[in-house]
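Everything below concerns the one structure shown next.
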Amino acid sequence: MKKQYDFRDIEARWQRTWEEQDLFRSTEEPKQKKYYVLEMFPYPSGKLHMGHVRNYSIGDVVARFLKMQGYNILHPMGWDSFGLPAENAAIKHGAHPAEWTTQNIQEMKHQLKQLGFSYDWDREVATYHPDYYKWMQWIFIQFFKRGLAYKKEHPVNWCPSCHTVLANEQVVEGQCERCSAVVTKKNLSQWYLKITEYADRLLEDLDTLNGWPEKVRTMQRNWIGKSEGAEVSFRLKDRGEDLTVFTTRADTLFGVTYMVLSPEHPLVKPLVKDTPYEAAALAYIERCSKMSDIERTDTTNEKTGEFLGCYAINPVNDREVPIYISDYVLLDYGTGAVMGVPAHDQRDFEFATAFGLDIVPVVHPEDPIIDVEHLKEAFVAEGSMINSGSYDGLHNTEGSRRIIADLEATGRGKATVNFRLRDWLISRQRYWGTPIPMIHCDDCGWVPEKEENLPVLLPTDVVLTGRGESPLATSPTFVHTQCPCCGKPAQRELDTMDTFLDSSWYYLRYCDAGNPEEAFRKDRADYWMAVDQYIGGVEHAILHLLYSRFFTKVFYDMGLCSVEEPFTNLLTQGMVLKDGNKMSKSMGNVVSPEEIIERYGADTARLFILFASPPEKELEWTDAGVEGSFRFINRVYRLVEEMVGVTSGIPLVYRAEGSDDKQLDYVLNHTVKRVTEDIKNRFNFNTAISAIMELVNEMYRYKELDDINLGLLACATDRLVRMLSPFIPHVAEEMWAALGNTDSVYLASWPQYDPSALVLDSVEIVVQINGKVRERAVVAAGLDRERFTEEVLTCEPVAALIEGKEIIKMIAVPDRLLNIVVKA
RNA sequence: GCGGAUGUGGUGGAACUGGCAGACACGCAGGAUUUAGGUUCCUGUGGAGCGAUCCAUGUGGGUUCGAGUCCCACCAUCCGCACCA
């Protein structure tokens, strides 16, 4: 151990040693309790940013701590390596996306190693590797075979100038981000996964995820958006067809005064064909199709629409109501059609007001202040039914039930459930993704590639221009193939998969990475799954986490794994800020991990990040704070360096004799207790570190005393280094070795505290008069309520305090306080 | 609009079950060491007041012997969803 803290030497040396010893390699040990720590794998965009460092520092503390607690740890890392940035870089610089990606992976892997994270690199996965996407394709085929993948027409954002499909993020204010042409819509046949079939389970099982933040669970609940109601069929006047609507308010059926269809509803054009209303309706539809989604869904818009010149007949009272189209009705929710009840729905109220339609109240409020006959806004609360024939007088929730039952009896309606969640559109008209392993044959339709032919390799002979529909179409070798069914000439699917598929099962691949025979062996997945602690940014609260849950449930149903939920505990870490703002190139406030590692070393970077803020909160980056963490490491280093000289050869046993010994003994054991609990129960690394700082301060005080107990000091030093090792592993390793240990501190056990050292002889307590602190007193610890009160009252200053006062009552909390309530 | 969170010194944050508000650190001030600066070590540091004391956890109420913590109302900021019938 050098006299000076030389982080460059220390960090490089120990990283090499760990690698040589294969220290972080994990294997299945059926007899040992396991713990799977997972951090969200990065997109290899170039270099690590501070958000990554924070994410992985948190995970590394958890992994190293639980390892020392005796768990068999799985702590893997990999690369979410398909995606648009690589493709864009390729178009821009002419390099192949694979080259760009591989280079970035190398760079970032190097940085991760520089930070000393305890990853089992033998289990590294990269989604762009054929060994990985082979199994991605296999999984897709299983979904297809189970009826969970299907094709459907869907409009995409289309830039008429670039002749290409744009992702939503590439559309800026309705214009192409590259050429500013006005973006239009184009219908393409695309693949979907039937996540809606799992909507109920995805919703219900959220209740079992107690280890998730409530915020994330709520976000998922809202995203799934279950609503219970009924479908009601209205007959179209003078036509044989029905118009079916979805409503959650069947109780308001008697208040229907009009109907609205979404402009894109398939019934609209037939209804107006060759009528005087056709021209206006088509013009309105045209206008809507040109609006961006943001414009169209702006709730502050005035309600617009067109009358279609026809009527629907209300099944409950045979009333004829006019039919409109309006953009406030969405095609892909419910049936794409709505019954208009202006009295009890604010949107309908606005529409009826704008078009001069009747407003018929059918629910009477309990609140007499509201005049239902002259509403200023829709009345949406509960009440009793009026103007509703035989249902009058019923409470509206009961009325709703009865109306639905009666509609079911006459075949005019049925109770249904609707979800906000839509099926997952997974087709991407991109190159850099997993090819969808499907083949179209004129005779057999869509058939999957034979499993023995997987992977369907991503062709390299494509031309990336950023133009055209699907880049794979430019490959001369890819498109044409034979039908796996009948052997006739057939064409391959030219789209690739949404990269969210790749990241929906990578945590399972880690359990059996590199297996050439299977996506993952069941017994291995069963040993490691579920992930005990998942850590990542809250930006993935909905999509990634929902898709992963969906995949796990499908795998469970297929018998591929035994858990229905992939992530038992979830920690969403806060953002890293600088000067109160998110670090970004445009703000010019980016602090790069590189420069911090270069200047202070990885241990300082990790310590600062963990100390400055609890993990779920935002973290404000400050140079002074980094400086402080660096100073603390130096302070510890000097202390241990001195201790190595003083306590070498001293056995780690002691008896605390005097009050100074007892004080250090107490602080030491108390620190072990606090640090253990702060890490294990709360992930409050900041308070764990501050507790260690207090121990260090105490040790500095103690070592200067005349009469010191070397066994105690040696023991304190040993515990100190163990406790620091999850946070600052390199320097801890250096100190650990200097203390005479030959195995890595990673393999050492986590210290235990001695409860008897925490029992104090006496305690300082507080004396309150009427709840205000008036005096302090020292009394024996561990007294019962009566003896405690007696002791305190006989203390001299306390006796003086209450002299001449009339005591009404006393509240005693032994070992803490005595509150004396006196007459004012 | 709906849902969720947050609000404590000059700053980051602590206070876990209602029981000494401000742990730990940053910053600042002073002292020691040093030729000097830096480093290191020590001391002090919420505000007002000479003082005993008083005032302080976004604001206003309430419950309680006692409230940063529990309840009600409000304000501010952030995040998510947003014409979902």
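In the structure tokens, chains take the letters A, B, ... in the order shown, each chain's residues start at 1, and ligands count up from 1 in the order shown.
In chain B, the set of residues within 7 Å of chain A (atoms considered: only C-alpha atoms (C1' of nucleotides)) is B:G4, B:G12, B:G13, B:G19, B:C20, B:C24, B:C26, B:C65, B:G66, B:G80, B:C83, B:C84, B:A85.
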Applying 10 Å and only C-alpha atoms (C1' of nucleotides), which residues near A:Ser384 remain after dropping the ones on its own chain fewer than 6 positions away? List them as a list in words.
Asp251, Val362, Val363, His364, Pro365, Glu366, Tyr391, Asp392, Gly393, Leu394, His395, Asn396, Thr397, Glu398 and Gly399 of chain A
All alpha helix (DSSP H) residues (DSSP, backbone) inside stretch 438-678 of chain A, as a PyMOL selection string:
chain A and resi 499-502+506-509+522-528+543-558+593-600+602-611+623-647+659-677
Can you check which residues of stretch 587-814 of chain A DSSP gives as strand (DSSP E) on the backbone and send them as a PDB file with all heavy atoms, in the first residue's frame?
```pdb
ATOM      1  N   LEU A 619     -30.490  13.783  -9.146  1.00  0.00           N
ATOM      2  CA  LEU A 619     -29.165  14.000  -8.580  1.00  0.00           C
ATOM      3  C   LEU A 619     -28.549  15.226  -9.225  1.00  0.00           C
ATOM      4  O   LEU A 619     -28.444  15.305 -10.438  1.00  0.00           O
ATOM      5  CB  LEU A 619     -28.300  12.770  -8.839  1.00  0.00           C
ATOM      6  CG  LEU A 619     -26.852  12.874  -8.400  1.00  0.00           C
ATOM      7  CD1 LEU A 619     -26.503  11.678  -7.560  1.00  0.00           C
ATOM      8  CD2 LEU A 619     -25.902  12.973  -9.562  1.00  0.00           C
ATOM      9  N   GLU A 620     -28.202  16.182  -8.401  1.00  0.00           N
ATOM     10  CA  GLU A 620     -27.591  17.409  -8.917  1.00  0.00           C
ATOM     11  C   GLU A 620     -26.079  17.230  -8.905  1.00  0.00           C
ATOM     12  O   GLU A 620     -25.471  17.029  -7.852  1.00  0.00           O
ATOM     13  CB  GLU A 620     -28.024  18.592  -8.037  1.00  0.00           C
ATOM     14  CG  GLU A 620     -27.366  19.924  -8.366  1.00  0.00           C
ATOM     15  CD  GLU A 620     -27.828  20.553  -9.681  1.00  0.00           C
ATOM     16  OE1 GLU A 620     -28.970  20.291 -10.091  1.00  0.00           O
ATOM     17  OE2 GLU A 620     -27.030  21.287 -10.283  1.00  0.00           O
ATOM     18  N   SER A 762     -26.044   4.350  30.028  1.00  0.00           N
ATOM     19  CA  SER A 762     -26.857   5.520  30.345  1.00  0.00           C
ATOM     20  C   SER A 762     -27.204   6.245  29.060  1.00  0.00           C
ATOM     21  O   SER A 762     -26.531   6.113  28.047  1.00  0.00           O
ATOM     22  CB  SER A 762     -26.089   6.452  31.279  1.00  0.00           C
ATOM     23  OG  SER A 762     -24.910   6.884  30.634  1.00  0.00           O
ATOM     24  N   VAL A 763     -28.286   7.007  29.117  1.00  0.00           N
ATOM     25  CA  VAL A 763     -28.715   7.746  27.934  1.00  0.00           C
ATOM     26  C   VAL A 763     -29.014   9.196  28.302  1.00  0.00           C
ATOM     27  O   VAL A 763     -29.437   9.483  29.427  1.00  0.00           O
ATOM     28  CB  VAL A 763     -29.990   7.128  27.314  1.00  0.00           C
ATOM     29  CG1 VAL A 763     -29.663   5.907  26.500  1.00  0.00           C
ATOM     30  CG2 VAL A 763     -31.024   6.828  28.372  1.00  0.00           C
ATOM     31  N   GLU A 764     -28.783  10.060  27.333  1.00  0.00           N
ATOM     32  CA  GLU A 764     -29.172  11.453  27.546  1.00  0.00           C
ATOM     33  C   GLU A 764     -30.612  11.585  27.069  1.00  0.00           C
ATOM     34  O   GLU A 764     -30.932  11.233  25.939  1.00  0.00           O
ATOM     35  CB  GLU A 764     -28.271  12.409  26.772  1.00  0.00           C
ATOM     36  CG  GLU A 764     -28.503  13.852  27.205  1.00  0.00           C
ATOM     37  CD  GLU A 764     -27.827  14.880  26.301  1.00  0.00           C
ATOM     38  OE1 GLU A 764     -28.087  14.865  25.082  1.00  0.00           O
ATOM     39  OE2 GLU A 764     -27.046  15.685  26.816  1.00  0.00           O
ATOM     40  N   ILE A 765     -31.462  12.092  27.945  1.00  0.00           N
ATOM     41  CA  ILE A 765     -32.866  12.216  27.579  1.00  0.00           C
ATOM     42  C   ILE A 765     -33.286  13.687  27.653  1.00  0.00           C
ATOM     43  O   ILE A 765     -32.549  14.539  28.126  1.00  0.00           O
ATOM     44  CB  ILE A 765     -33.754  11.339  28.469  1.00  0.00           C
ATOM     45  CG1 ILE A 765     -33.703  11.804  29.921  1.00  0.00           C
ATOM     46  CG2 ILE A 765     -33.372   9.878  28.359  1.00  0.00           C
ATOM     47  CD1 ILE A 765     -34.866  12.619  30.359  1.00  0.00           C
ATOM     48  N   VAL A 766     -34.478  13.923  27.151  1.00  0.00           N
ATOM     49  CA  VAL A 766     -34.962  15.285  27.049  1.00  0.00           C
ATOM     50  C   VAL A 766     -36.133  15.465  28.005  1.00  0.00           C
ATOM     51  O   VAL A 766     -36.986  14.599  28.126  1.00  0.00           O
ATOM     52  CB  VAL A 766     -35.418  15.556  25.601  1.00  0.00           C
ATOM     53  CG1 VAL A 766     -36.325  16.757  25.516  1.00  0.00           C
ATOM     54  CG2 VAL A 766     -34.215  15.719  24.715  1.00  0.00           C
ATOM     55  N   VAL A 767     -36.118  16.603  28.707  1.00  0.00           N
ATOM     56  CA  VAL A 767     -37.234  16.915  29.583  1.00  0.00           C
ATOM     57  C   VAL A 767     -38.020  18.060  28.956  1.00  0.00           C
ATOM     58  O   VAL A 767     -37.462  19.110  28.657  1.00  0.00           O
ATOM     59  CB  VAL A 767     -36.755  17.328  30.992  1.00  0.00           C
ATOM     60  CG1 VAL A 767     -37.953  17.569  31.897  1.00  0.00           C
ATOM     61  CG2 VAL A 767     -35.849  16.257  31.554  1.00  0.00           C
ATOM     62  N   GLN A 768     -39.298  17.800  28.719  1.00  0.00           N
ATOM     63  CA  GLN A 768     -40.136  18.836  28.121  1.00  0.00           C
ATOM     64  C   GLN A 768     -41.136  19.342  29.153  1.00  0.00           C
ATOM     65  O   GLN A 768     -41.586  18.596  30.019  1.00  0.00           O
ATOM     66  CB  GLN A 768     -40.926  18.266  26.946  1.00  0.00           C
ATOM     67  CG  GLN A 768     -40.066  17.784  25.795  1.00  0.00           C
ATOM     68  CD  GLN A 768     -40.911  17.227  24.653  1.00  0.00           C
ATOM     69  OE1 GLN A 768     -42.019  16.757  24.864  1.00  0.00           O
ATOM     70  NE2 GLN A 768     -40.377  17.307  23.450  1.00  0.00           N
ATOM     71  N   ILE A 769     -41.436  20.628  29.068  1.00  0.00           N
ATOM     72  CA  ILE A 769     -42.562  21.182  29.817  1.00  0.00           C
ATOM     73  C   ILE A 769     -43.583  21.602  28.760  1.00  0.00           C
ATOM     74  O   ILE A 769     -43.269  22.387  27.874  1.00  0.00           O
ATOM     75  CB  ILE A 769     -42.150  22.425  30.646  1.00  0.00           C
ATOM     76  CG1 ILE A 769     -41.024  22.087  31.629  1.00  0.00           C
ATOM     77  CG2 ILE A 769     -43.374  23.009  31.359  1.00  0.00           C
ATOM     78  CD1 ILE A 769     -41.430  21.266  32.818  1.00  0.00           C
ATOM     79  N   LYS A 772     -42.337  21.518  25.202  1.00  0.00           N
ATOM     80  CA  LYS A 772     -41.148  22.267  24.765  1.00  0.00           C
ATOM     81  C   LYS A 772     -39.935  21.772  25.529  1.00  0.00           C
ATOM     82  O   LYS A 772     -40.008  21.561  26.744  1.00  0.00           O
ATOM     83  CB  LYS A 772     -41.350  23.756  25.044  1.00  0.00           C
ATOM     84  CG  LYS A 772     -42.528  24.314  24.270  1.00  0.00           C
ATOM     85  CD  LYS A 772     -42.276  25.722  23.786  1.00  0.00           C
ATOM     86  CE  LYS A 772     -43.497  26.194  23.025  1.00  0.00           C
ATOM     87  NZ  LYS A 772     -43.185  26.922  21.831  1.00  0.00           N
ATOM     88  N   VAL A 773     -38.837  21.631  24.821  1.00  0.00           N
ATOM     89  CA  VAL A 773     -37.617  21.128  25.437  1.00  0.00           C
ATOM     90  C   VAL A 773     -37.101  22.164  26.442  1.00  0.00           C
ATOM     91  O   VAL A 773     -36.884  23.320  26.105  1.00  0.00           O
ATOM     92  CB  VAL A 773     -36.539  20.864  24.374  1.00  0.00           C
ATOM     93  CG1 VAL A 773     -35.282  20.323  25.025  1.00  0.00           C
ATOM     94  CG2 VAL A 773     -37.050  19.884  23.330  1.00  0.00           C
ATOM     95  N   ARG A 774     -36.934  21.724  27.690  1.00  0.00           N
ATOM     96  CA  ARG A 774     -36.483  22.660  28.723  1.00  0.00           C
ATOM     97  C   ARG A 774     -35.172  22.210  29.357  1.00  0.00           C
ATOM     98  O   ARG A 774     -34.437  23.014  29.915  1.00  0.00           O
ATOM     99  CB  ARG A 774     -37.531  22.774  29.843  1.00  0.00           C
ATOM    100  CG  ARG A 774     -38.691  23.710  29.531  1.00  0.00           C
ATOM    101  CD  ARG A 774     -38.193  25.127  29.355  1.00  0.00           C
ATOM    102  NE  ARG A 774     -38.449  25.587  28.007  1.00  0.00           N
ATOM    103  CZ  ARG A 774     -39.501  26.299  27.639  1.00  0.00           C
ATOM    104  NH1 ARG A 774     -40.380  26.717  28.512  1.00  0.00           N
ATOM    105  NH2 ARG A 774     -39.675  26.642  26.392  1.00  0.00           N
ATOM    106  N   GLU A 775     -34.888  20.943  29.327  1.00  0.00           N
ATOM    107  CA  GLU A 775     -33.730  20.452  30.061  1.00  0.00           C
ATOM    108  C   GLU A 775     -33.303  19.105  29.495  1.00  0.00           C
ATOM    109  O   GLU A 775     -34.087  18.420  28.843  1.00  0.00           O
ATOM    110  CB  GLU A 775     -34.129  20.310  31.540  1.00  0.00           C
ATOM    111  CG  GLU A 775     -32.969  20.241  32.507  1.00  0.00           C
ATOM    112  CD  GLU A 775     -32.028  21.443  32.393  1.00  0.00           C
ATOM    113  OE1 GLU A 775     -32.436  22.590  32.708  1.00  0.00           O
ATOM    114  OE2 GLU A 775     -30.886  21.212  31.958  1.00  0.00           O
ATOM    115  N   ARG A 776     -32.026  18.788  29.708  1.00  0.00           N
ATOM    116  CA  ARG A 776     -31.535  17.469  29.349  1.00  0.00           C
ATOM    117  C   ARG A 776     -31.063  16.774  30.601  1.00  0.00           C
ATOM    118  O   ARG A 776     -30.630  17.445  31.544  1.00  0.00           O
ATOM    119  CB  ARG A 776     -30.344  17.603  28.396  1.00  0.00           C
ATOM    120  CG  ARG A 776     -30.746  17.704  26.952  1.00  0.00           C
ATOM    121  CD  ARG A 776     -29.781  18.620  26.213  1.00  0.00           C
ATOM    122  NE  ARG A 776     -30.522  19.637  25.466  1.00  0.00           N
ATOM    123  CZ  ARG A 776     -30.898  19.482  24.219  1.00  0.00           C
ATOM    124  NH1 ARG A 776     -30.609  18.388  23.568  1.00  0.00           N
ATOM    125  NH2 ARG A 776     -31.581  20.425  23.612  1.00  0.00           N
ATOM    126  N   ALA A 777     -31.135  15.468  30.616  1.00  0.00           N
ATOM    127  CA  ALA A 777     -30.669  14.744  31.795  1.00  0.00           C
ATOM    128  C   ALA A 777     -30.087  13.412  31.347  1.00  0.00           C
ATOM    129  O   ALA A 777     -30.446  12.895  30.301  1.00  0.00           O
ATOM    130  CB  ALA A 777     -31.833  14.507  32.752  1.00  0.00           C
ATOM    131  N   VAL A 778     -29.145  12.927  32.142  1.00  0.00           N
ATOM    132  CA  VAL A 778     -28.560  11.622  31.841  1.00  0.00           C
ATOM    133  C   VAL A 778     -29.059  10.638  32.884  1.00  0.00           C
ATOM    134  O   VAL A 778     -28.895  10.867  34.080  1.00  0.00           O
ATOM    135  CB  VAL A 778     -27.014  11.702  31.859  1.00  0.00           C
ATOM    136  CG1 VAL A 778     -26.414  10.323  31.641  1.00  0.00           C
ATOM    137  CG2 VAL A 778     -26.530  12.675  30.800  1.00  0.00           C
ATOM    138  N   VAL A 779     -29.687   9.576  32.420  1.00  0.00           N
ATOM    139  CA  VAL A 779     -30.177   8.549  33.342  1.00  0.00           C
ATOM    140  C   VAL A 779     -29.765   7.172  32.841  1.00  0.00           C
ATOM    141  O   VAL A 779     -29.359   7.021  31.690  1.00  0.00           O
ATOM    142  CB  VAL A 779     -31.721   8.594  33.490  1.00  0.00           C
ATOM    143  CG1 VAL A 779     -32.178   9.896  34.115  1.00  0.00           C
ATOM    144  CG2 VAL A 779     -32.398   8.367  32.154  1.00  0.00           C
ATOM    145  N   ALA A 780     -29.892   6.195  33.713  1.00  0.00           N
ATOM    146  CA  ALA A 780     -29.566   4.822  33.341  1.00  0.00           C
ATOM    147  C   ALA A 780     -30.483   4.374  32.200  1.00  0.00           C
ATOM    148  O   ALA A 780     -31.631   4.763  32.141  1.00  0.00           O
ATOM    149  CB  ALA A 780     -29.742   3.904  34.549  1.00  0.00           C
ATOM    150  N   ILE A 807     -48.530  20.016  38.441  1.00  0.00           N
ATOM    151  CA  ILE A 807     -48.384  19.023  37.369  1.00  0.00           C
ATOM    152  C   ILE A 807     -49.732  18.382  37.079  1.00  0.00           C
ATOM    153  O   ILE A 807     -50.392  17.852  37.968  1.00  0.00           O
ATOM    154  CB  ILE A 807     -47.355  17.947  37.771  1.00  0.00           C
ATOM    155  CG1 ILE A 807     -45.986  18.625  37.911  1.00  0.00           C
ATOM    156  CG2 ILE A 807     -47.314  16.827  36.732  1.00  0.00           C
ATOM    157  CD1 ILE A 807     -44.904  17.753  38.461  1.00  0.00           C
ATOM    158  N   ILE A 808     -50.142  18.463  35.825  1.00  0.00           N
ATOM    159  CA  ILE A 808     -51.408  17.851  35.429  1.00  0.00           C
ATOM    160  C   ILE A 808     -51.177  16.393  35.048  1.00  0.00           C
ATOM    161  O   ILE A 808     -51.858  15.490  35.507  1.00  0.00           O
ATOM    162  CB  ILE A 808     -52.061  18.615  34.271  1.00  0.00           C
ATOM    163  CG1 ILE A 808     -52.377  20.050  34.708  1.00  0.00           C
ATOM    164  CG2 ILE A 808     -53.339  17.914  33.813  1.00  0.00           C
ATOM    165  CD1 ILE A 808     -52.730  20.984  33.578  1.00  0.00           C
ATOM    166  N   LYS A 809     -50.223  16.171  34.181  1.00  0.00           N
ATOM    167  CA  LYS A 809     -49.843  14.788  33.893  1.00  0.00           C
ATOM    168  C   LYS A 809     -48.441  14.724  33.308  1.00  0.00           C
ATOM    169  O   LYS A 809     -47.838  15.741  32.979  1.00  0.00           O
ATOM    170  CB  LYS A 809     -50.859  14.116  32.967  1.00  0.00           C
ATOM    171  CG  LYS A 809     -50.917  14.619  31.555  1.00  0.00           C
ATOM    172  CD  LYS A 809     -51.782  13.624  30.747  1.00  0.00           C
ATOM    173  CE  LYS A 809     -52.188  14.183  29.424  1.00  0.00           C
ATOM    174  NZ  LYS A 809     -52.914  13.208  28.627  1.00  0.00           N
ATOM    175  N   MET A 810     -47.937  13.494  33.200  1.00  0.00           N
ATOM    176  CA  MET A 810     -46.591  13.292  32.666  1.00  0.00           C
ATOM    177  C   MET A 810     -46.613  12.189  31.627  1.00  0.00           C
ATOM    178  O   MET A 810     -47.263  11.165  31.829  1.00  0.00           O
ATOM    179  CB  MET A 810     -45.629  12.934  33.788  1.00  0.00           C
ATOM    180  CG  MET A 810     -45.251  14.135  34.625  1.00  0.00           C
ATOM    181  SD  MET A 810     -43.992  13.763  35.809  1.00  0.00           S
ATOM    182  CE  MET A 810     -44.877  12.717  36.943  1.00  0.00           C
ATOM    183  N   ILE A 811     -45.939  12.436  30.505  1.00  0.00           N
ATOM    184  CA  ILE A 811     -45.813  11.408  29.476  1.00  0.00           C
ATOM    185  C   ILE A 811     -44.351  10.982  29.455  1.00  0.00           C
ATOM    186  O   ILE A 811     -43.458  11.804  29.201  1.00  0.00           O
ATOM    187  CB  ILE A 811     -46.253  11.917  28.098  1.00  0.00           C
ATOM    188  CG1 ILE A 811     -47.756  12.162  28.079  1.00  0.00           C
ATOM    189  CG2 ILE A 811     -45.927  10.912  27.004  1.00  0.00           C
ATOM    190  CD1 ILE A 811     -48.156  13.561  28.269  1.00  0.00           C
ATOM    191  N   ALA A 812     -44.132   9.712  29.749  1.00  0.00           N
ATOM    192  CA  ALA A 812     -42.763   9.210  29.793  1.00  0.00           C
ATOM    193  C   ALA A 812     -42.518   8.256  28.639  1.00  0.00           C
ATOM    194  O   ALA A 812     -43.320   7.357  28.385  1.00  0.00           O
ATOM    195  CB  ALA A 812     -42.518   8.493  31.110  1.00  0.00           C
ATOM    196  N   VAL A 813     -41.445   8.515  27.891  1.00  0.00           N
ATOM    197  CA  VAL A 813     -40.981   7.571  26.884  1.00  0.00           C
ATOM    198  C   VAL A 813     -39.584   7.149  27.335  1.00  0.00           C
ATOM    199  O   VAL A 813     -38.637   7.885  27.132  1.00  0.00           O
ATOM    200  CB  VAL A 813     -40.925   8.216  25.483  1.00  0.00           C
ATOM    201  CG1 VAL A 813     -40.524   7.193  24.439  1.00  0.00           C
ATOM    202  CG2 VAL A 813     -42.244   8.861  25.135  1.00  0.00           C
TER     203      VAL A 813
END
```
Shell around stretch 701-711 of chain A at 12 Å using only C-alpha atoms (C1' of nucleotides), local window under 2 positions removed, as a PyMOL selection string:
(chain A and resi 639-640+642-665+667-668+694-699+713-718) or (chain B and resi 41-42)
Atom C1' of B:U8 to atom C1' of B:G22: how many Å, to one decimal?
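Separation between atom C1' of B:U8 and atom C1' of B:G22: 7.7 Å.
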Long-range neighbours of A:Gly411 as an mmCIF file with all heavy atoms, in the first residue's frame, 9 Å cut-off, only C-alpha atoms (C1' of nucleotides), 4 positions minimum in chain:
```
data_model
loop_
_atom_site.group_PDB
_atom_site.id
_atom_site.type_symbol
_atom_site.label_atom_id
_atom_site.label_comp_id
_atom_site.auth_asym_id
_atom_site.auth_seq_id
_atom_site.Cartn_x
_atom_site.Cartn_y
_atom_site.Cartn_z
ATOM 1 N N SER A 233 -76.811 -1.628 -29.715
ATOM 2 C CA SER A 233 -77.036 -1.524 -31.161
ATOM 3 C C SER A 233 -78.258 -0.660 -31.453
ATOM 4 O O SER A 233 -79.359 -0.926 -30.950
ATOM 5 C CB SER A 233 -77.246 -2.919 -31.751
ATOM 6 O OG SER A 233 -76.041 -3.646 -31.652
ATOM 7 N N ASP A 406 -81.810 -5.876 -19.756
ATOM 8 C CA ASP A 406 -82.972 -5.848 -20.648
ATOM 9 C C ASP A 406 -82.544 -5.826 -22.116
ATOM 10 O O ASP A 406 -83.181 -6.456 -22.966
ATOM 11 C CB ASP A 406 -83.861 -4.640 -20.326
ATOM 12 C CG ASP A 406 -84.513 -4.793 -18.947
ATOM 13 O OD1 ASP A 406 -84.487 -5.922 -18.401
ATOM 14 O OD2 ASP A 406 -85.017 -3.789 -18.412
ATOM 15 N N LEU A 407 -81.461 -5.096 -22.420
ATOM 16 C CA LEU A 407 -80.961 -5.058 -23.801
ATOM 17 C C LEU A 407 -80.465 -6.435 -24.222
ATOM 18 O O LEU A 407 -80.665 -6.866 -25.355
ATOM 19 C CB LEU A 407 -79.823 -4.046 -23.938
ATOM 20 C CG LEU A 407 -80.212 -2.562 -23.908
ATOM 21 C CD1 LEU A 407 -78.968 -1.700 -23.779
ATOM 22 C CD2 LEU A 407 -80.991 -2.178 -25.164
#
```
Rounded to one decimal, what separation in Å do you get between atom CA of A:Met558 and atom CA of A:Ile139?
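According to the coordinates, atom CA of A:Met558 and atom CA of A:Ile139 are separated by 10.6 Å.
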Å distance separating atom CA of A:Gly147 from atom CA of A:Ile426, one decimal place
15.0 Å
Long-range neighbours of stretch 64-73 of chain A as a PyMOL selection string, 6 Å cut-off, only C-alpha atoms (C1' of nucleotides), 6 positions minimum in chain:
chain A and resi 33-36+726+748-750
